[in-house]
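Comments concern the structure below.
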Amino acid sequence: MLAVELIDNAELKAAIKSLNDSGELEEKIKISGKTKEEQVKLFVQKISELVEEEGEDLDLPDDVVILFNLIMADEEDTGDGAIDPEPIQEPEEVQEPEEVPVKKETKKETKKETKKETKKEEPKAEPVQRNLPLVPPSVIRPRLIELVEEGKYTQAEIVAIMCVEFPEKAKSTFATYLNDGRSEKYFKNLDKEKERKILVDPKTKILTFEG
């Protein structure tokens with residue numbers, strides 16, 4: 001997940017406004033009095049819930065989708081086709097024509113050739129595709145909860161297992177859910193049904209649920 005300090009404030013506020021105005025939310029995101037970190041959490045949480053409920057039928061504004069994919073992207077996984085838009089392809093280098101001595105009599109022809117060369121269009125970059133995650137939270141969260149309930153894995157081990165089972169997802173996605181599960185403030189983001197917080201054994205580092 002992209003670090004909060006790397007997210008542009010203006011882009012975040014504009015995307016939240018677009019999401020609020022899209023008509024997709026039952027309850028709009030209120031940012032008054034909230035920190036930037038809290039705004040990002042609410043933004044990601046609302047879109048994740050919409051993806052879980054509507055899946056492929058979800059149609060969000062471009063700036064909302066682009067910012068969501070940027071936030072959820074991992075440095076190692078940018079553009080892997082899972083949650084990120086496909087990368088813009090760089091134009092191929094156009095080879096300069098070899099210089100050929102031109103006689104005085106061919107000045108007119110040379111000017112015509114020069115005009116033709118200047119009209120050559122550079123290859124157009126591929127447009128950014130609006131691809132939301134292929135694997136919704138409704139699949140990821142239950143599997144994470146199941147592994148924590150077994151009570152025999154550390155966070156690193158759980159992330160490794162999830163990366164094998166869901167190779168199309170960024171490993172930061174799994175780490176974010178587990179970190180939220182350990183947080184006093186955001187633990188309900190993981191176990192929404194039973195609302196349990198993750199506990200970490202100080203000696204073994206193994207994760208379990210409280211209670």
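Ordering of the structure tokens sets the chain letters (A, B, ...), residue numbers begin anew at 1 in every chain, and ligands are numbered from 1 in the order given.
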* Asked: Which residues come within 8 Å of Ile47 (chain A), counting only C-alpha atoms, excluding same-chain residues fewer than 4 positions away, as a PyMOL selection string?
  -> chain A and resi 43+51+68
* What gap, in Å, lies between CA of Lys28 (chain A) and CA of Lys46 (chain A)? ->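 Between CA of Lys28 (chain A) and CA of Lys46 (chain A) the gap is 9.2 Å.
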Residue contacts of Lys30 (chain A) (10 Å, only C-alpha atoms) excluding same-chain residues fewer than 5 positions away, as a PDB file with N, CA and C atoms, in the first residue's frame:
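Writing done, so here's selection.pdb:
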```pdb
ATOM      1  N   ILE A  16     -12.183  11.872  -3.508  1.00  0.00           N
ATOM      2  CA  ILE A  16     -13.241  11.650  -2.510  1.00  0.00           C
ATOM      3  C   ILE A  16     -14.511  12.386  -2.932  1.00  0.00           C
ATOM      4  N   LYS A  17     -14.354  13.629  -3.432  1.00  0.00           N
ATOM      5  CA  LYS A  17     -15.519  14.393  -3.900  1.00  0.00           C
ATOM      6  C   LYS A  17     -16.190  13.679  -5.075  1.00  0.00           C
ATOM      7  N   ASN A  20     -18.074  10.717  -3.749  1.00  0.00           N
ATOM      8  CA  ASN A  20     -19.303  11.158  -3.083  1.00  0.00           C
ATOM      9  C   ASN A  20     -20.382  11.546  -4.093  1.00  0.00           C
ATOM     10  N   GLN A  39      -8.627   9.853   6.104  1.00  0.00           N
ATOM     11  CA  GLN A  39      -9.310  10.054   4.821  1.00  0.00           C
ATOM     12  C   GLN A  39      -8.963   8.940   3.840  1.00  0.00           C
ATOM     13  N   LEU A  42     -10.736   5.670   4.852  1.00  0.00           N
ATOM     14  CA  LEU A  42     -12.156   5.689   4.503  1.00  0.00           C
ATOM     15  C   LEU A  42     -12.358   5.529   2.999  1.00  0.00           C
TER      16      LEU A  42
END
```
* Excluding Ile140 (chain A) and residues on its chain fewer than 2 positions from it, collect all residues at most 10 Å away from it, counting only C-alpha atoms, and give them as a ChimeraX atom specification. => /A:135-138,142-145,162,165-166,169,173-174,177,190
* CA of Ile7 (chain A) and CA of Leu70 (chain A), how far apart in Å? ->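 Interatomic distance here is 8.8 Å.
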* Can you tell me how far CA of Lys152 (chain A) sits from CA of Leu207 (chain A), in Å to one decimal? ->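 Going from CA of Lys152 (chain A) over to CA of Leu207 (chain A) covers 7.2 Å.
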* Asked: Skipping near chain neighbours, those fewer than 4 positions away, what residues fall within 12 Å of region 201-203 of chain A using only C-alpha atoms, listed as a ChimeraX atom specification?
  -> /A:151-155,182,207-210
* **7 Å contact set for Gly181 (chain A), only C-alpha atoms, chain neighbours under 3 positions out, as an MDAnalysis selection string** => chainID A and resid 177:178 186:190 197:198
Any chance you could export the current selection's C-alpha atoms as a CSV table (one decimal), in the first residue's frame?
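Okay, result32.csv is ready:
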```csv
chain,number,residue,atom,x,y,z
A,177,TYR,CA,-5.3,-6.2,6.3
A,178,LEU,CA,-3.2,-7.9,9.0
A,186,TYR,CA,-8.9,-0.3,12.4
A,187,PHE,CA,-9.1,-4.0,13.5
A,188,LYS,CA,-12.7,-4.3,12.3
A,189,ASN,CA,-11.5,-3.8,8.7
A,190,LEU,CA,-10.3,-7.5,8.8
A,197,LYS,CA,-8.7,-8.0,17.1
A,198,ILE,CA,-5.4,-9.8,16.3
```
* Find the residues near Leu19 (chain A): any atom within 9 Å, counting only C-alpha atoms, skip ones fewer than 5 places away on the same chain, and give them as a PyMOL selection string. => chain A and resi 14+24-25+28-29+43+47+60-61+63-64
